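Chemist: Enclosed is the structure file run-v7.tsv (TSV, C-alpha atoms).
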```tsv
chain	number	residue	atom	x	y	z
A	1	MET	CA	92.03	145.60	93.41
A	2	MET	CA	92.26	141.99	92.34
A	3	PRO	CA	94.44	139.71	94.50
A	4	SER	CA	97.81	138.70	93.10
A	5	PHE	CA	97.94	135.35	91.32
A	6	ARG	CA	101.59	134.87	92.17
A	7	MET	CA	102.36	131.55	93.78
A	8	THR	CA	103.30	132.98	97.15
A	9	THR	CA	103.68	130.68	100.10
A	10	THR	CA	100.50	131.57	101.98
A	11	PHE	CA	100.39	127.82	102.47
A	12	VAL	CA	103.57	125.83	101.96
A	13	LEU	CA	102.43	122.25	101.46
A	14	LEU	CA	104.31	119.37	99.95
A	15	ALA	CA	102.68	116.85	97.65
A	16	GLY	CA	101.29	113.80	99.39
A	17	MET	CA	101.29	110.23	98.26
A	18	ILE	CA	99.23	109.77	95.12
A	19	LEU	CA	95.78	108.37	95.89
A	20	GLY	CA	94.41	105.32	94.20
A	21	GLY	CA	97.70	104.07	92.77
A	22	SER	CA	99.41	100.80	93.58
A	23	LYS	CA	102.77	102.51	93.83
A	24	ALA	CA	103.70	105.59	95.81
A	25	GLN	CA	104.73	108.45	93.52
A	26	GLN	CA	105.20	112.14	94.02
A	27	LEU	CA	103.95	115.25	92.30
A	28	ILE	CA	106.05	118.28	93.20
A	29	PRO	CA	105.38	122.04	92.99
A	30	THR	CA	108.77	122.62	91.31
A	31	PHE	CA	108.24	120.06	88.51
A	32	TYR	CA	108.53	122.74	85.77
A	33	GLY	CA	111.05	124.88	87.66
A	34	ASN	CA	113.80	124.41	85.07
A	35	THR	CA	111.78	123.64	81.94
A	36	CYS	CA	109.03	126.28	82.17
A	37	PRO	CA	110.02	128.68	84.96
A	38	ASN	CA	107.39	131.29	84.03
A	39	LEU	CA	104.53	128.80	84.15
A	40	THR	CA	102.59	130.43	87.00
A	41	THR	CA	103.01	133.92	85.55
A	42	ILE	CA	101.78	132.80	82.12
A	43	VAL	CA	98.72	130.96	83.44
A	44	GLY	CA	97.94	133.78	85.84
A	45	GLY	CA	98.19	136.40	83.10
A	46	VAL	CA	95.68	134.56	80.91
A	47	LEU	CA	93.27	134.11	83.81
A	48	GLN	CA	93.59	137.66	85.10
A	49	GLN	CA	92.61	138.93	81.67
A	50	ALA	CA	89.79	136.39	81.28
A	51	VAL	CA	88.20	137.19	84.63
A	52	GLN	CA	87.66	140.79	83.47
A	53	SER	CA	85.01	139.56	81.03
A	54	ASP	CA	83.87	136.40	82.84
A	55	ILE	CA	83.86	136.53	86.63
A	56	ARG	CA	82.98	132.83	86.68
A	57	ILE	CA	86.28	131.64	85.17
A	58	GLY	CA	87.68	130.41	88.48
A	59	ALA	CA	84.54	128.49	89.35
A	60	LYS	CA	84.43	126.93	85.88
A	61	LEU	CA	88.04	125.76	86.12
A	62	ILE	CA	87.75	124.23	89.56
A	63	ARG	CA	84.58	122.41	88.55
A	64	ALA	CA	86.33	121.00	85.48
A	65	HIS	CA	89.32	119.90	87.61
A	66	PHE	CA	87.01	118.15	90.09
A	67	HIS	CA	84.98	116.40	87.40
A	68	ASP	CA	88.19	115.31	85.67
A	69	CYS	CA	89.73	113.86	88.83
A	70	MET	CA	86.59	111.92	89.77
A	71	VAL	CA	86.78	109.83	86.57
A	72	ASP	CA	89.91	107.65	86.45
A	73	GLY	CA	91.99	110.29	88.18
A	74	CYS	CA	93.39	113.72	87.31
A	75	ASP	CA	94.48	112.98	83.75
A	76	GLY	CA	92.80	115.61	81.57
A	77	SER	CA	90.44	113.02	80.04
A	78	LEU	CA	87.50	115.39	80.54
A	79	LEU	CA	88.97	117.77	77.96
A	80	LEU	CA	89.00	115.34	75.03
A	81	ASP	CA	86.51	115.86	72.19
A	82	ASN	CA	84.78	113.00	70.39
A	83	ASP	CA	87.25	111.24	68.11
A	84	ALA	CA	85.81	108.21	66.35
A	85	ALA	CA	89.09	107.39	64.63
A	86	ASN	CA	90.77	106.90	68.00
A	87	GLY	CA	87.75	105.42	69.77
A	88	ILE	CA	87.21	108.39	72.06
A	89	VAL	CA	83.68	109.10	73.28
A	90	SER	CA	83.89	112.45	75.04
A	91	GLU	CA	83.18	112.74	78.75
A	92	LYS	CA	81.91	116.26	78.01
A	93	ASP	CA	78.75	114.82	76.44
A	94	ALA	CA	77.78	112.95	79.62
A	95	THR	CA	75.01	114.48	81.74
A	96	PRO	CA	77.26	115.74	84.59
A	97	ASN	CA	79.50	117.59	82.14
A	98	GLN	CA	77.11	119.08	79.61
A	99	THR	CA	77.42	122.55	81.13
A	100	ILE	CA	81.20	122.32	81.59
A	101	ASP	CA	83.00	125.22	79.88
A	102	VAL	CA	86.69	124.57	79.21
A	103	ASP	CA	87.41	127.15	76.51
A	104	ILE	CA	89.77	128.96	78.88
A	105	VAL	CA	91.98	125.84	78.92
A	106	ASP	CA	92.56	126.30	75.18
A	107	ASP	CA	93.70	129.88	75.78
A	108	ILE	CA	96.09	128.81	78.55
A	109	LYS	CA	97.44	125.94	76.48
A	110	THR	CA	98.10	128.22	73.51
A	111	ALA	CA	100.06	130.63	75.70
A	112	LEU	CA	102.08	127.80	77.23
A	113	GLU	CA	102.83	126.15	73.89
A	114	ASN	CA	104.22	129.47	72.68
A	115	ALA	CA	106.53	129.74	75.71
A	116	CYS	CA	107.21	126.11	76.67
A	117	PRO	CA	106.21	123.87	73.76
A	118	GLY	CA	105.38	120.26	74.52
A	119	LEU	CA	106.05	120.49	78.24
A	120	VAL	CA	102.99	121.36	80.33
A	121	SER	CA	100.14	118.87	80.52
A	122	CYS	CA	96.48	119.75	80.24
A	123	ALA	CA	95.87	117.96	83.54
A	124	ASP	CA	98.34	120.30	85.24
A	125	ILE	CA	96.67	123.30	83.61
A	126	LEU	CA	93.42	122.33	85.33
A	127	ALA	CA	95.17	121.94	88.69
A	128	LEU	CA	97.21	125.14	88.55
A	129	GLY	CA	94.41	127.13	86.92
A	130	SER	CA	92.07	126.14	89.75
A	131	GLN	CA	94.49	127.45	92.37
A	132	ILE	CA	94.98	130.74	90.57
A	133	GLY	CA	91.23	131.12	90.00
A	134	VAL	CA	90.61	130.68	93.72
A	135	SER	CA	93.32	133.21	94.56
A	136	LEU	CA	91.93	135.78	92.14
A	137	ALA	CA	88.56	135.51	93.90
A	138	GLY	CA	90.12	136.28	97.28
A	139	GLY	CA	90.79	132.71	98.38
A	140	PRO	CA	94.00	131.05	99.55
A	141	THR	CA	97.19	130.62	97.58
A	142	TRP	CA	99.15	127.39	97.73
A	143	GLN	CA	101.93	125.52	96.00
A	144	VAL	CA	100.30	123.13	93.56
A	145	PRO	CA	101.95	119.71	93.18
A	146	LEU	CA	102.64	119.22	89.45
A	147	GLY	CA	103.92	116.55	87.08
A	148	ARG	CA	100.71	114.96	85.78
A	149	ARG	CA	100.54	113.67	82.23
A	150	ASP	CA	97.53	113.49	79.93
A	151	SER	CA	95.47	110.40	79.18
A	152	ARG	CA	95.04	109.03	75.68
A	153	THR	CA	91.53	107.80	76.43
A	154	ALA	CA	88.24	109.02	77.86
A	155	ASN	CA	85.67	107.19	79.96
A	156	GLN	CA	82.19	108.57	79.40
A	157	ASP	CA	80.56	105.70	81.32
A	158	GLY	CA	82.80	106.52	84.26
A	159	THR	CA	81.18	109.93	84.71
A	160	SER	CA	78.58	108.24	86.92
A	161	ALA	CA	81.26	108.59	89.62
A	162	ILE	CA	80.84	112.39	89.58
A	163	PRO	CA	78.63	113.61	92.45
A	164	SER	CA	75.21	114.75	91.28
A	165	PRO	CA	73.21	117.58	92.88
A	166	PHE	CA	70.46	114.99	93.38
A	167	ASP	CA	72.57	112.41	95.23
A	168	ASP	CA	71.51	111.27	98.67
A	169	PHE	CA	73.98	112.12	101.42
A	170	SER	CA	75.13	108.50	101.71
A	171	VAL	CA	75.75	108.29	97.96
A	172	LEU	CA	77.69	111.56	98.07
A	173	GLN	CA	79.92	110.18	100.81
A	174	ARG	CA	80.44	106.89	98.97
A	175	LYS	CA	81.57	108.66	95.80
A	176	PHE	CA	84.24	110.50	97.78
A	177	ARG	CA	85.40	107.31	99.49
A	178	ASP	CA	85.53	105.47	96.16
A	179	VAL	CA	88.33	107.76	94.92
A	180	GLY	CA	90.24	107.74	98.19
A	181	LEU	CA	88.96	111.03	99.57
A	182	ASP	CA	87.71	111.47	103.11
A	183	ASP	CA	83.90	111.45	103.32
A	184	SER	CA	83.80	114.13	106.01
A	185	THR	CA	86.56	116.75	105.89
A	186	ASP	CA	87.42	116.45	102.18
A	187	LEU	CA	83.72	116.37	101.33
A	188	VAL	CA	82.88	119.50	103.31
A	189	ALA	CA	86.02	121.40	102.34
A	190	LEU	CA	85.77	120.72	98.60
A	191	SER	CA	82.04	121.49	98.63
A	192	GLY	CA	83.16	124.93	99.80
A	193	ALA	CA	84.17	125.62	96.19
A	194	HIS	CA	80.47	126.44	95.84
A	195	THR	CA	81.28	129.73	97.55
A	196	PHE	CA	81.48	131.09	94.00
A	197	GLY	CA	79.90	130.19	90.68
A	198	ARG	CA	76.35	129.53	89.50
A	199	ALA	CA	73.94	126.61	89.10
A	200	GLN	CA	71.08	126.09	86.66
A	201	CYS	CA	67.48	126.04	87.86
A	202	GLN	CA	67.12	122.39	86.85
A	203	THR	CA	69.66	121.40	89.52
A	204	PHE	CA	67.64	122.75	92.46
A	205	SER	CA	64.13	123.87	91.38
A	206	SER	CA	62.52	120.67	92.73
A	207	ARG	CA	63.37	121.95	96.24
A	208	ILE	CA	61.41	125.19	95.87
A	209	GLY	CA	58.35	125.17	98.11
A	210	THR	CA	58.80	121.49	99.00
A	211	ASP	CA	62.09	121.00	100.87
A	212	PRO	CA	61.81	121.63	104.64
A	213	THR	CA	65.59	122.23	104.80
A	214	LEU	CA	65.25	125.23	102.44
A	215	ASP	CA	64.61	128.56	104.18
A	216	PRO	CA	61.09	129.72	103.12
A	217	THR	CA	62.19	133.28	102.36
A	218	PHE	CA	65.11	132.02	100.27
A	219	SER	CA	62.74	129.58	98.57
A	220	ASP	CA	60.54	132.52	97.53
A	221	VAL	CA	63.58	134.29	96.08
A	222	LEU	CA	64.50	131.21	94.09
A	223	ALA	CA	60.93	130.90	92.83
A	224	GLN	CA	61.32	134.31	91.20
A	225	ILE	CA	64.47	133.15	89.44
A	226	CYS	CA	63.08	129.74	88.54
A	227	PRO	CA	59.27	130.02	88.12
A	228	GLN	CA	57.34	126.88	87.24
A	229	GLY	CA	57.46	126.43	83.48
A	230	GLY	CA	60.37	128.86	83.26
A	231	ASN	CA	63.82	128.52	81.76
A	232	VAL	CA	65.48	125.46	83.34
A	233	ASN	CA	68.87	126.82	82.26
A	234	ALA	CA	68.49	130.11	84.14
A	235	LEU	CA	71.27	130.66	86.67
A	236	ALA	CA	71.30	131.32	90.41
A	237	ASN	CA	74.28	132.11	92.62
A	238	LEU	CA	75.60	129.12	94.54
A	239	ASP	CA	76.45	131.54	97.36
A	240	SER	CA	73.59	133.99	97.75
A	241	SER	CA	75.52	136.33	100.06
A	242	THR	CA	78.89	136.91	98.33
A	243	ALA	CA	78.40	135.35	94.92
A	244	ASP	CA	81.81	135.97	93.37
A	245	ASP	CA	84.08	135.97	96.42
A	246	PHE	CA	85.94	132.94	97.70
A	247	ASP	CA	85.14	133.03	101.42
A	248	ASN	CA	83.45	130.99	104.14
A	249	ASN	CA	79.95	132.43	103.69
A	250	TYR	CA	78.92	129.23	101.93
A	251	TYR	CA	78.95	127.58	105.35
A	252	THR	CA	76.98	130.28	107.14
A	253	ASN	CA	74.43	129.93	104.35
A	254	LEU	CA	74.11	126.23	105.20
A	255	GLN	CA	73.59	127.09	108.87
A	256	ASN	CA	70.71	129.33	107.77
A	257	ASN	CA	69.17	126.71	105.42
A	258	ARG	CA	70.24	128.73	102.42
A	259	GLY	CA	72.29	126.11	100.61
A	260	LEU	CA	71.29	126.17	96.95
A	261	LEU	CA	71.77	122.52	96.08
A	262	GLN	CA	70.27	119.69	98.08
A	263	THR	CA	73.73	118.09	98.32
A	264	ASP	CA	75.11	121.31	99.80
A	265	GLN	CA	72.40	121.62	102.44
A	266	SER	CA	72.67	117.93	103.32
A	267	LEU	CA	76.13	118.58	104.79
A	268	PHE	CA	74.45	120.51	107.60
A	269	SER	CA	70.90	119.18	107.70
A	270	THR	CA	71.58	115.43	107.80
A	271	THR	CA	70.85	114.32	111.35
A	272	LYS	CA	73.92	113.19	113.31
A	273	ALA	CA	76.17	113.47	110.24
A	274	SER	CA	79.88	113.94	110.94
A	275	THR	CA	79.86	116.83	108.47
A	276	VAL	CA	77.70	119.09	110.66
A	277	ALA	CA	80.49	119.92	113.11
A	278	ILE	CA	82.87	120.61	110.23
A	279	VAL	CA	80.38	123.02	108.62
A	280	ASN	CA	80.10	124.83	111.97
A	281	ARG	CA	83.89	124.98	112.29
A	282	PHE	CA	84.37	126.44	108.81
A	283	ALA	CA	81.51	128.90	109.30
A	284	GLY	CA	83.25	130.16	112.43
A	285	SER	CA	86.73	130.46	110.97
A	286	GLN	CA	87.62	131.36	107.40
A	287	ARG	CA	91.25	130.47	108.09
A	288	ASN	CA	90.15	127.03	109.24
A	289	PHE	CA	88.23	126.59	105.99
A	290	PHE	CA	91.10	127.86	103.83
A	291	ASP	CA	93.63	125.53	105.50
A	292	ALA	CA	91.37	122.50	105.05
A	293	PHE	CA	90.42	123.48	101.51
A	294	VAL	CA	94.06	123.70	100.42
A	295	GLN	CA	94.87	120.26	101.82
A	296	SER	CA	91.73	118.75	100.29
A	297	MET	CA	92.55	120.27	96.90
A	298	ILE	CA	95.99	118.66	97.08
A	299	ASN	CA	94.37	115.37	98.09
A	300	MET	CA	91.99	115.58	95.14
A	301	GLY	CA	94.77	116.52	92.72
A	302	ASN	CA	96.66	113.39	93.80
A	303	ILE	CA	93.94	110.98	92.64
A	304	SER	CA	95.59	108.49	90.27
A	305	PRO	CA	97.52	110.88	88.00
A	306	LEU	CA	99.57	109.59	85.09
A	307	THR	CA	103.26	110.23	85.68
A	308	GLY	CA	106.65	109.23	84.33
A	309	SER	CA	106.28	107.69	80.87
A	310	ASN	CA	102.54	107.02	81.21
A	311	GLY	CA	100.19	109.02	79.01
A	312	GLU	CA	101.47	112.00	77.03
A	313	ILE	CA	101.73	115.78	76.97
A	314	ARG	CA	99.00	116.81	74.55
A	315	ALA	CA	99.74	119.59	72.10
A	316	ASN	CA	96.00	120.34	71.96
A	317	CYS	CA	93.97	119.59	75.08
A	318	ARG	CA	90.97	118.53	73.00
A	319	ARG	CA	92.67	115.66	71.17
A	320	ILE	CA	95.40	113.11	71.62
A	321	ASN	CA	98.68	113.62	69.79
```
How does this structure look as structure tokens?

Modeler:
Amino acid sequence: MMPSFRMTTTFVLLAGMILGGSKAQQLIPTFYGNTCPNLTTIVGGVLQQAVQSDIRIGAKLIRAHFHDCMVDGCDGSLLLDNDAANGIVSEKDATPNQTIDVDIVDDIKTALENACPGLVSCADILALGSQIGVSLAGGPTWQVPLGRRDSRTANQDGTSAIPSPFDDFSVLQRKFRDVGLDDSTDLVALSGAHTFGRAQCQTFSSRIGTDPTLDPTFSDVLAQICPQGGNVNALANLDSSTADDFDNNYYTNLQNNRGLLQTDQSLFSTTKASTVAIVNRFAGSQRNFFDAFVQSMINMGNISPLTGSNGEIRANCRRIN
């Protein structure tokens, strides 16, 4: 049976101060309590139906939320299509985002516009949808701070701030620090989102047979999926043990040199890195991982959102009003 998507208080956490802003503001879980009281039920219903035909929905949503927040904050800019008339060059066409799939956001937005027209932002859809997607895969449930508004611009050049699977460990840490996230706990906890989802061969095939931090037996398995001269777009599970479950096996994989991406494995295999002890802690306690993951998701969701009268509430997530 699939876990409930209801926003129960498995973790009751209040919104923190918004990161990256010059002025302290608050996002609150009850932002739509009076204006769209069935918000969580509506979003959950769309996702529960979608996951029946695409088990990767949760992983796709959380990736989109992360990539959105890393570029000028959590403002839904990632979702905008090219729009020459308004000077918008889509972030989706940048290299880090070319495999991003946000069709599910359109479905959620349509359902919300029918029930609560003009009220719920696309940026909040990404945040709430990520939480529900995690819960549906067996992960934690938490109260998502809400109240973001949508940007009227995109920043394709800014996508260089998104961590790449080819980044050195020091670069990976710097990119987290640059947006106000912790380069140890937030980095390790948010990387745990790779406990579900897939990655294309082109993101890790250079490690096969060459990387001493890749378990040789696992390397041989990956070579079957991604043979030399094969399809670079073929997919492998980010978590080779429980591919579609949100659990802490991602971290035990790292302990066994079975991290798929080089950036994943670097969390454990970088000598004297502060992240090694955190990987060991999360591998030993799923509750420890879940608690840290929830707080880090809230931290990430607080990166420079638009609030108050800034931005807008888009009627269509793909274009400005």

Chemist: For Ser206 in chain A, which residue out of A:Leu181, A:Asn299, A:Asp245, A:Pro165 is the nearest one, using only C-alpha atoms?

Modeler: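 Comparing A:Leu181, A:Asn299, A:Asp245, A:Pro165 against Ser206 in chain A, the winner is A:Pro165.
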
Chemist: Using all atoms listed in the file, find each residue of range 51-98 of chain A with at least one atom at most 12 Å away from an atom of range 37-44 of chain A; report its shortest atom-to-atom pair and that distance in Å (one decimal), sort the rows by chain and rising residue number, and return the result as CSV.

Modeler:
```
residue,atom,partner,partner_atom,distance
A:Val51,CA,A:Gly44,CA,10.4
A:Ile57,CA,A:Gly44,CA,11.9
A:Gly58,CA,A:Gly44,CA,11.1
```

Chemist: Do you know which residues are at most 9 Å from range 146-151 of chain A counting all atoms listed in the file, after dropping those on the same chain fewer than 5 positions away, and could you put them as a ChimeraX atom specification?

Modeler: /A:15,26-32,74-77,120-124,127-128,301,305-314,317,320

Chemist: Report the distance between CA of Asp183 in chain A and CA of Ser240 in chain A in Å, rounded to one decimal place.

Modeler: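 So the answer is 25.4 Å.
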
Chemist: Just give me the gap between CA of Leu78 in chain A and CA of Glu91 in chain A in Å, one decimal is fine.

Modeler: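 The value is 5.4 Å.
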
Chemist: Can you list, as a PyMOL selection string, every protein, DNA or RNA residue that comes within 12 Å of Val102 in chain A when you count all atoms listed in the file, leaving out same-chain residues fewer than 6 positions away?

Modeler: chain A and resi 56-65+67-68+76+78-81+92+108-109+122+125-126+129-130+317-318

Chemist: So what do you get for CA of Ser135 in chain A versus CA of Ile55 in chain A, distance-wise?

Modeler: 12.8 Å

Chemist: Nearest residue to Ala137 in chain A out of A:Cys36, A:Ala273, A:Ala193, A:Leu235, using only C-alpha atoms?

Modeler: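 Using only C-alpha atoms, Ala137 in chain A sits closest to A:Ala193.
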
Chemist: Around the point (75.1, 113.4, 102.4), in the coordinates given by the file, pick out the residues reaching within 7 Å, counting only C-alpha atoms, and return them as an NGL selection string.

Modeler: :A and (168-173 or 263 or 266-267 or 270)

Chemist: So that each row is one residue of range 207-264 of chain A with an atom at most 12 Å from range 287-298 of chain A, can you give its shortest atom pair and the distance in Å to one decimal, using all atoms listed in the file, rows by chain and rising number, as CSV?

Modeler:
```
residue,atom,partner,partner_atom,distance
A:Phe246,CA,A:Phe290,CA,9.5
A:Asp247,CA,A:Phe290,CA,8.2
A:Asn248,CA,A:Phe289,CA,6.8
A:Asn249,CA,A:Phe289,CA,10.4
A:Tyr250,CA,A:Phe289,CA,10.5
A:Tyr251,CA,A:Phe289,CA,9.4
A:Thr252,CA,A:Phe289,CA,11.9
```

Chemist: Which one is closest to Leu187 in chain A: A:Thr275, A:Gln224, A:Ser269, A:Ser164? Count only C-alpha atoms.

Modeler: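 Ranking A:Thr275, A:Gln224, A:Ser269, A:Ser164 by distance to Leu187 in chain A, first place goes to A:Thr275.
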